[in-house]
$ cat upload_33.cif   # mmCIF, N, CA and C atoms
data_coords
#
loop_
_atom_site.label_atom_id
_atom_site.label_comp_id
_atom_site.auth_asym_id
_atom_site.auth_seq_id
_atom_site.Cartn_x
_atom_site.Cartn_y
_atom_site.Cartn_z
N MET J 221 0.84 -1.18 0.00
CA MET J 221 0.00 0.00 0.00
C MET J 221 0.88 1.24 0.00
N SER J 222 0.31 2.39 -0.27
CA SER J 222 1.10 3.61 -0.36
C SER J 222 1.63 4.05 0.99
N ARG J 223 2.65 4.91 0.96
CA ARG J 223 3.30 5.35 2.20
C ARG J 223 2.34 6.07 3.13
N GLY J 224 1.36 6.77 2.59
CA GLY J 224 0.42 7.52 3.42
C GLY J 224 -0.63 6.67 4.10
N THR J 225 -0.81 5.46 3.62
CA THR J 225 -1.87 4.62 4.19
C THR J 225 -1.36 3.56 5.14
N ASP J 226 -0.04 3.38 5.25
CA ASP J 226 0.45 2.33 6.14
C ASP J 226 1.34 2.89 7.25
N ARG J 227 1.26 4.17 7.53
CA ARG J 227 2.10 4.78 8.56
C ARG J 227 1.63 4.50 9.97
N VAL J 228 0.35 4.51 10.20
CA VAL J 228 -0.17 4.35 11.55
C VAL J 228 -0.94 3.04 11.63
N ALA J 229 -0.46 2.16 12.47
CA ALA J 229 -1.10 0.85 12.62
C ALA J 229 -2.54 1.02 13.09
N GLY J 230 -3.43 0.28 12.47
CA GLY J 230 -4.82 0.29 12.88
C GLY J 230 -5.64 1.43 12.29
N MET J 231 -5.00 2.31 11.51
CA MET J 231 -5.75 3.41 10.89
C MET J 231 -5.71 3.25 9.38
N SER J 232 -6.80 3.63 8.76
CA SER J 232 -6.87 3.57 7.30
C SER J 232 -7.88 4.59 6.79
N VAL J 233 -7.43 5.46 5.89
CA VAL J 233 -8.35 6.43 5.30
C VAL J 233 -9.41 5.73 4.45
N PHE J 234 -9.20 4.46 4.15
CA PHE J 234 -10.18 3.72 3.37
C PHE J 234 -11.32 3.19 4.25
N ASP J 235 -11.13 3.23 5.56
CA ASP J 235 -12.15 2.80 6.50
C ASP J 235 -13.08 3.98 6.78
N PRO J 236 -14.36 3.89 6.41
CA PRO J 236 -15.28 5.01 6.61
C PRO J 236 -15.43 5.43 8.08
N GLN J 237 -15.07 4.57 9.01
CA GLN J 237 -15.19 4.88 10.44
C GLN J 237 -13.92 5.46 11.05
N CYS J 238 -12.84 5.52 10.28
CA CYS J 238 -11.56 5.98 10.81
C CYS J 238 -11.52 7.51 10.86
N THR J 239 -11.02 8.04 11.96
CA THR J 239 -10.90 9.48 12.13
C THR J 239 -10.05 10.11 11.04
N SER J 240 -9.04 9.39 10.56
CA SER J 240 -8.17 9.94 9.53
C SER J 240 -8.95 10.29 8.26
N ARG J 241 -9.97 9.52 7.98
CA ARG J 241 -10.78 9.79 6.78
C ARG J 241 -11.55 11.09 6.94
N GLU J 242 -12.10 11.31 8.12
CA GLU J 242 -12.84 12.54 8.39
C GLU J 242 -11.92 13.76 8.33
N VAL J 243 -10.73 13.65 8.91
CA VAL J 243 -9.78 14.76 8.88
C VAL J 243 -9.31 15.02 7.45
N LEU J 244 -9.09 13.95 6.69
CA LEU J 244 -8.72 14.10 5.28
C LEU J 244 -9.78 14.89 4.53
N GLU J 245 -11.03 14.56 4.77
CA GLU J 245 -12.13 15.28 4.12
C GLU J 245 -12.15 16.75 4.53
N HIS J 246 -11.96 17.02 5.81
CA HIS J 246 -11.97 18.41 6.29
C HIS J 246 -10.81 19.21 5.70
N ALA J 247 -9.63 18.60 5.61
CA ALA J 247 -8.44 19.31 5.17
C ALA J 247 -8.31 19.42 3.66
N THR J 248 -8.94 18.51 2.92
CA THR J 248 -8.76 18.54 1.47
C THR J 248 -10.02 18.84 0.69
N GLY J 249 -11.14 19.01 1.39
CA GLY J 249 -12.34 19.47 0.71
C GLY J 249 -12.09 20.88 0.18
N ARG J 250 -12.89 21.32 -0.75
CA ARG J 250 -12.66 22.61 -1.38
C ARG J 250 -12.43 23.72 -0.37
N TRP J 251 -13.35 23.93 0.54
CA TRP J 251 -13.23 25.07 1.47
C TRP J 251 -12.17 24.83 2.52
N GLY J 252 -12.01 23.60 2.97
CA GLY J 252 -10.99 23.30 3.97
C GLY J 252 -9.59 23.56 3.43
N ALA J 253 -9.32 23.05 2.24
CA ALA J 253 -7.99 23.23 1.64
C ALA J 253 -7.69 24.70 1.40
N LEU J 254 -8.66 25.43 0.84
CA LEU J 254 -8.43 26.84 0.56
C LEU J 254 -8.26 27.65 1.85
N THR J 255 -8.99 27.28 2.88
CA THR J 255 -8.88 27.97 4.17
C THR J 255 -7.51 27.70 4.79
N LEU J 256 -7.06 26.47 4.78
CA LEU J 256 -5.74 26.15 5.31
C LEU J 256 -4.66 26.92 4.57
N VAL J 257 -4.74 26.97 3.26
CA VAL J 257 -3.74 27.68 2.46
C VAL J 257 -3.78 29.18 2.75
N ALA J 258 -4.97 29.72 2.94
CA ALA J 258 -5.09 31.15 3.25
C ALA J 258 -4.39 31.49 4.56
N LEU J 259 -4.31 30.54 5.48
CA LEU J 259 -3.72 30.79 6.79
C LEU J 259 -2.22 30.48 6.86
N VAL J 260 -1.63 30.03 5.78
CA VAL J 260 -0.22 29.66 5.79
C VAL J 260 0.69 30.85 6.14
N GLU J 261 0.35 32.01 5.67
CA GLU J 261 1.20 33.18 5.91
C GLU J 261 1.06 33.77 7.30
N GLY J 262 0.08 33.34 8.06
CA GLY J 262 -0.08 33.85 9.41
C GLY J 262 -1.54 34.02 9.78
N PRO J 263 -1.79 34.50 11.00
CA PRO J 263 -3.16 34.63 11.48
C PRO J 263 -3.96 35.64 10.67
N LEU J 264 -5.25 35.35 10.54
CA LEU J 264 -6.17 36.24 9.83
C LEU J 264 -7.47 36.35 10.60
N ARG J 265 -8.10 37.49 10.46
CA ARG J 265 -9.45 37.66 11.00
C ARG J 265 -10.42 36.96 10.05
N PHE J 266 -11.63 36.71 10.53
CA PHE J 266 -12.64 36.01 9.74
C PHE J 266 -12.82 36.68 8.37
N ALA J 267 -13.00 38.00 8.36
CA ALA J 267 -13.23 38.73 7.10
C ALA J 267 -12.03 38.62 6.17
N GLU J 268 -10.84 38.55 6.73
CA GLU J 268 -9.64 38.41 5.90
C GLU J 268 -9.59 37.02 5.26
N VAL J 269 -9.96 36.01 6.03
CA VAL J 269 -10.02 34.66 5.46
C VAL J 269 -11.04 34.64 4.33
N ARG J 270 -12.22 35.23 4.57
CA ARG J 270 -13.27 35.26 3.56
C ARG J 270 -12.79 35.95 2.28
N ARG J 271 -12.07 37.06 2.41
CA ARG J 271 -11.54 37.76 1.23
C ARG J 271 -10.52 36.91 0.47
N ASN J 272 -9.78 36.09 1.21
CA ASN J 272 -8.77 35.24 0.58
C ASN J 272 -9.35 33.97 -0.03
N VAL J 273 -10.60 33.67 0.29
CA VAL J 273 -11.26 32.47 -0.22
C VAL J 273 -12.55 32.91 -0.93
N PRO J 274 -12.42 33.53 -2.11
CA PRO J 274 -13.61 34.00 -2.81
C PRO J 274 -14.59 32.87 -3.10
N GLY J 275 -15.87 33.20 -2.95
CA GLY J 275 -16.92 32.24 -3.28
C GLY J 275 -17.49 31.52 -2.06
N VAL J 276 -16.79 31.54 -0.95
CA VAL J 276 -17.30 30.85 0.25
C VAL J 276 -18.28 31.77 0.96
N SER J 277 -19.39 31.21 1.40
CA SER J 277 -20.36 31.99 2.16
C SER J 277 -19.88 32.10 3.61
N ASP J 278 -20.40 33.09 4.32
CA ASP J 278 -20.04 33.25 5.73
C ASP J 278 -20.35 31.97 6.51
N ARG J 279 -21.51 31.40 6.26
CA ARG J 279 -21.91 30.20 6.99
C ARG J 279 -20.97 29.03 6.70
N MET J 280 -20.64 28.82 5.43
CA MET J 280 -19.75 27.71 5.06
C MET J 280 -18.35 27.94 5.62
N LEU J 281 -17.87 29.18 5.60
CA LEU J 281 -16.56 29.46 6.15
C LEU J 281 -16.55 29.22 7.65
N TRP J 282 -17.59 29.65 8.34
CA TRP J 282 -17.66 29.43 9.78
C TRP J 282 -17.65 27.93 10.08
N GLN J 283 -18.43 27.15 9.33
CA GLN J 283 -18.47 25.69 9.54
C GLN J 283 -17.10 25.07 9.25
N THR J 284 -16.45 25.54 8.20
CA THR J 284 -15.14 25.01 7.84
C THR J 284 -14.12 25.31 8.93
N LEU J 285 -14.10 26.55 9.39
CA LEU J 285 -13.17 26.92 10.46
C LEU J 285 -13.46 26.12 11.73
N GLN J 286 -14.73 25.90 12.02
CA GLN J 286 -15.10 25.13 13.21
C GLN J 286 -14.61 23.69 13.10
N ARG J 287 -14.78 23.08 11.94
CA ARG J 287 -14.30 21.70 11.75
C ARG J 287 -12.79 21.62 11.88
N LEU J 288 -12.10 22.58 11.26
CA LEU J 288 -10.64 22.58 11.34
C LEU J 288 -10.16 22.83 12.77
N GLU J 289 -10.89 23.66 13.50
CA GLU J 289 -10.58 23.88 14.91
C GLU J 289 -10.84 22.62 15.73
N ASP J 290 -11.97 21.96 15.48
CA ASP J 290 -12.29 20.71 16.18
C ASP J 290 -11.24 19.63 15.95
N ASP J 291 -10.64 19.64 14.75
CA ASP J 291 -9.59 18.67 14.42
C ASP J 291 -8.23 19.07 14.98
N GLY J 292 -8.13 20.29 15.52
CA GLY J 292 -6.86 20.77 16.06
C GLY J 292 -5.93 21.36 15.04
N LEU J 293 -6.44 21.65 13.83
CA LEU J 293 -5.59 22.18 12.76
C LEU J 293 -5.53 23.71 12.79
N VAL J 294 -6.56 24.33 13.36
CA VAL J 294 -6.67 25.78 13.41
C VAL J 294 -7.04 26.17 14.84
N THR J 295 -6.52 27.30 15.26
CA THR J 295 -6.90 27.82 16.57
C THR J 295 -7.65 29.13 16.38
N ARG J 296 -8.60 29.36 17.25
CA ARG J 296 -9.43 30.57 17.24
C ARG J 296 -9.08 31.37 18.48
N THR J 297 -8.66 32.63 18.27
CA THR J 297 -8.27 33.48 19.40
C THR J 297 -9.13 34.74 19.43
N PRO J 298 -10.08 34.82 20.37
CA PRO J 298 -10.87 36.05 20.50
C PRO J 298 -10.06 37.11 21.25
N HIS J 299 -10.23 38.37 20.87
CA HIS J 299 -9.54 39.49 21.52
C HIS J 299 -10.56 40.36 22.23
N PRO J 300 -10.25 40.78 23.45
CA PRO J 300 -11.18 41.61 24.23
C PRO J 300 -11.16 43.07 23.77
N THR J 301 -11.78 43.32 22.65
CA THR J 301 -11.85 44.68 22.12
C THR J 301 -13.30 45.08 21.98
N VAL J 302 -13.53 46.39 21.85
CA VAL J 302 -14.90 46.89 21.70
C VAL J 302 -15.51 46.32 20.42
N ALA J 303 -14.81 46.47 19.31
CA ALA J 303 -15.26 45.82 18.07
C ALA J 303 -14.77 44.37 18.15
N ARG J 304 -15.69 43.44 18.11
CA ARG J 304 -15.36 42.02 18.26
C ARG J 304 -14.28 41.62 17.26
N ARG J 305 -13.21 41.01 17.76
CA ARG J 305 -12.12 40.58 16.89
C ARG J 305 -11.72 39.15 17.26
N VAL J 306 -11.66 38.31 16.25
CA VAL J 306 -11.24 36.93 16.43
C VAL J 306 -10.22 36.62 15.34
N ASP J 307 -9.09 36.07 15.74
CA ASP J 307 -8.07 35.65 14.79
C ASP J 307 -8.08 34.14 14.65
N TYR J 308 -7.80 33.67 13.44
CA TYR J 308 -7.66 32.24 13.16
C TYR J 308 -6.23 32.01 12.70
N GLU J 309 -5.66 30.90 13.18
CA GLU J 309 -4.26 30.63 12.89
C GLU J 309 -4.04 29.12 12.82
N LEU J 310 -3.09 28.70 12.00
CA LEU J 310 -2.73 27.29 11.95
C LEU J 310 -2.06 26.89 13.26
N THR J 311 -2.32 25.68 13.69
CA THR J 311 -1.65 25.13 14.86
C THR J 311 -0.42 24.35 14.40
N ALA J 312 0.32 23.84 15.37
CA ALA J 312 1.47 22.99 15.04
C ALA J 312 1.02 21.72 14.30
N LEU J 313 -0.20 21.27 14.58
CA LEU J 313 -0.74 20.11 13.85
C LEU J 313 -1.17 20.50 12.44
N GLY J 314 -1.71 21.70 12.29
CA GLY J 314 -2.26 22.13 11.01
C GLY J 314 -1.24 22.62 10.01
N ARG J 315 -0.14 23.20 10.50
CA ARG J 315 0.86 23.79 9.59
C ARG J 315 1.42 22.78 8.58
N PRO J 316 1.89 21.59 9.02
CA PRO J 316 2.44 20.67 8.01
C PRO J 316 1.39 20.19 7.01
N ILE J 317 0.15 20.08 7.45
CA ILE J 317 -0.92 19.68 6.53
C ILE J 317 -1.16 20.79 5.52
N ALA J 318 -1.24 22.04 5.99
CA ALA J 318 -1.45 23.18 5.10
C ALA J 318 -0.31 23.31 4.10
N GLU J 319 0.91 23.08 4.55
CA GLU J 319 2.07 23.17 3.65
C GLU J 319 2.01 22.09 2.58
N ARG J 320 1.52 20.92 2.94
CA ARG J 320 1.39 19.85 1.94
C ARG J 320 0.26 20.13 0.96
N VAL J 321 -0.79 20.80 1.42
CA VAL J 321 -1.85 21.24 0.50
C VAL J 321 -1.26 22.25 -0.48
N CYS J 322 -0.39 23.14 0.01
CA CYS J 322 0.31 24.09 -0.88
C CYS J 322 1.16 23.33 -1.90
N ASP J 323 1.84 22.26 -1.46
CA ASP J 323 2.63 21.44 -2.38
C ASP J 323 1.74 20.82 -3.46
N LEU J 324 0.56 20.36 -3.05
CA LEU J 324 -0.38 19.79 -4.01
C LEU J 324 -0.81 20.84 -5.04
N ILE J 325 -1.09 22.05 -4.57
CA ILE J 325 -1.48 23.13 -5.47
C ILE J 325 -0.33 23.43 -6.44
N ASP J 326 0.91 23.46 -5.93
CA ASP J 326 2.07 23.69 -6.80
C ASP J 326 2.17 22.60 -7.86
N ALA J 327 1.93 21.34 -7.47
CA ALA J 327 1.98 20.24 -8.43
C ALA J 327 0.90 20.40 -9.50
N ILE J 328 -0.28 20.86 -9.10
CA ILE J 328 -1.35 21.10 -10.06
C ILE J 328 -0.94 22.19 -11.03
N TYR J 329 -0.38 23.29 -10.50
CA TYR J 329 0.08 24.38 -11.37
C TYR J 329 1.12 23.87 -12.37
N GLU J 330 2.06 23.04 -11.91
CA GLU J 330 3.09 22.51 -12.79
C GLU J 330 2.51 21.65 -13.91
N GLN J 331 1.47 20.90 -13.61
CA GLN J 331 0.88 19.99 -14.58
C GLN J 331 -0.26 20.62 -15.38
N LEU J 332 -0.66 21.84 -15.02
CA LEU J 332 -1.84 22.45 -15.61
C LEU J 332 -1.77 22.59 -17.13
N PRO J 333 -0.64 22.99 -17.72
CA PRO J 333 -0.62 23.06 -19.19
C PRO J 333 -0.97 21.73 -19.85
N GLY J 334 -0.42 20.64 -19.31
CA GLY J 334 -0.74 19.32 -19.86
C GLY J 334 -2.17 18.91 -19.60
N ILE J 335 -2.69 19.27 -18.43
CA ILE J 335 -4.08 18.95 -18.10
C ILE J 335 -5.03 19.69 -19.03
N VAL J 336 -4.76 20.99 -19.24
CA VAL J 336 -5.62 21.79 -20.13
C VAL J 336 -5.54 21.26 -21.55
N ALA J 337 -4.36 20.90 -22.00
CA ALA J 337 -4.21 20.35 -23.35
C ALA J 337 -5.00 19.05 -23.48
N HIS J 338 -4.93 18.21 -22.47
CA HIS J 338 -5.68 16.95 -22.48
C HIS J 338 -7.18 17.22 -22.52
N GLN J 339 -7.64 18.16 -21.68
CA GLN J 339 -9.07 18.48 -21.65
C GLN J 339 -9.54 19.02 -23.01
N ARG J 340 -8.75 19.89 -23.60
CA ARG J 340 -9.13 20.46 -24.90
C ARG J 340 -9.17 19.38 -25.97
N ALA J 341 -8.20 18.49 -25.95
CA ALA J 341 -8.15 17.41 -26.94
C ALA J 341 -9.35 16.48 -26.80
N ASN J 342 -9.87 16.36 -25.59
CA ASN J 342 -10.99 15.46 -25.35
C ASN J 342 -12.32 16.18 -25.23
N GLY J 343 -12.31 17.49 -25.42
CA GLY J 343 -13.55 18.26 -25.34
C GLY J 343 -14.14 18.30 -23.95
N THR J 344 -13.30 18.21 -22.93
CA THR J 344 -13.76 18.24 -21.54
C THR J 344 -13.14 19.44 -20.84
N GLY J 345 -13.44 19.57 -19.56
CA GLY J 345 -12.84 20.63 -18.77
C GLY J 345 -13.74 21.85 -18.71
N SER J 346 -13.21 22.87 -18.06
CA SER J 346 -13.95 24.11 -17.89
C SER J 346 -13.30 25.22 -18.67
N ALA J 347 -13.56 26.43 -18.26
CA ALA J 347 -12.99 27.59 -18.94
C ALA J 347 -11.47 27.50 -18.90
N PRO J 348 -10.81 28.10 -19.91
CA PRO J 348 -9.35 28.08 -19.92
C PRO J 348 -8.80 28.81 -18.71
N PRO J 349 -7.57 28.46 -18.27
CA PRO J 349 -6.99 29.12 -17.11
C PRO J 349 -6.74 30.60 -17.37
N ALA J 350 -6.80 31.38 -16.31
CA ALA J 350 -6.53 32.80 -16.44
C ALA J 350 -5.09 33.02 -16.89
N GLU J 351 -4.91 33.97 -17.75
CA GLU J 351 -3.57 34.29 -18.23
C GLU J 351 -2.81 35.03 -17.16
N ASP J 352 -1.55 34.75 -17.03
CA ASP J 352 -0.69 35.44 -16.08
C ASP J 352 -0.23 36.74 -16.72
N THR J 353 -0.63 37.86 -16.15
CA THR J 353 -0.30 39.15 -16.74
C THR J 353 0.94 39.76 -16.13
N ALA J 354 1.56 39.09 -15.13
CA ALA J 354 2.78 39.62 -14.52
C ALA J 354 3.96 39.43 -15.45
N ASP J 355 4.82 40.38 -15.46
CA ASP J 355 6.01 40.28 -16.31
C ASP J 355 7.19 39.74 -15.56
#
$ encode --input "upload_33.cif" --output "structure tokens"
Amino acid sequence: MSRGTDRVAGMSVFDPQCTSREVLEHATGRWGALTLVALVEGPLRFAEVRRNVPGVSDRMLWQTLQRLEDDGLVTRTPHPTVARRVDYELTALGRPIAERVCDLIDAIYEQLPGIVAHQRANGTGSAPPAEDTAD
């Protein structure tokens, strides 16, 4: 079996009852992965996370942050200020997972030209990738 599935005795992401499967879903689902990556550079307030993850609703972001917090991947720090302020930050457990999600995104970017060419050749896929306008 692969290196990721035989590291911890008695655990298997293929077992629907295993905690690892639930955490995998939380960390690699669309909103979970994007939220973890948004927090890689440091703590953010809720609104800052939302701005960094376009398309997520407030409710979905709150649920995502709650799940990641419940898993120990993110910490929530309320501040005693007049205007309510709460910061979200990766924990020591969450940082290596978030960094590996970043690695996955980098791998996707590296393979994207070939993926897009394959999709076009087969008449599948979505809109073409945005052009990079940076010089």
$ atom_distance --input "upload_33.cif" --atom1 "atom CA of Leu310 of chain J" --atom2 "atom CA of Asp235 of chain J"
26.8 Å
$ closest_residue --input "upload_33.cif" --among "J:Asp290, J:Gly334, J:Ala318, J:Tyr308" --to "Val269 of chain J" --atoms "only C-alpha atoms"
J:Tyr308
$ closest_residue --input "upload_33.cif" --among "J:Arg304, J:Thr311, J:Trp251, J:Glu245" --to "Val276 of chain J" --atoms "all atoms listed in the file"
J:Trp251
$ closest_residue --input "upload_33.cif" --among "J:Val306, J:Val336, J:Ala253, J:Leu293" --to "Arg265 of chain J" --atoms "all atoms listed in the file"
J:Val306
$ residues_around --input "upload_33.cif" --residues "Thr297 of chain J" --least-positions-apart "2" --cutoff "6.5 Å" --atoms "all atoms listed in the file" --output "PyMOL selection string"
chain J and resi 295+299+305-309
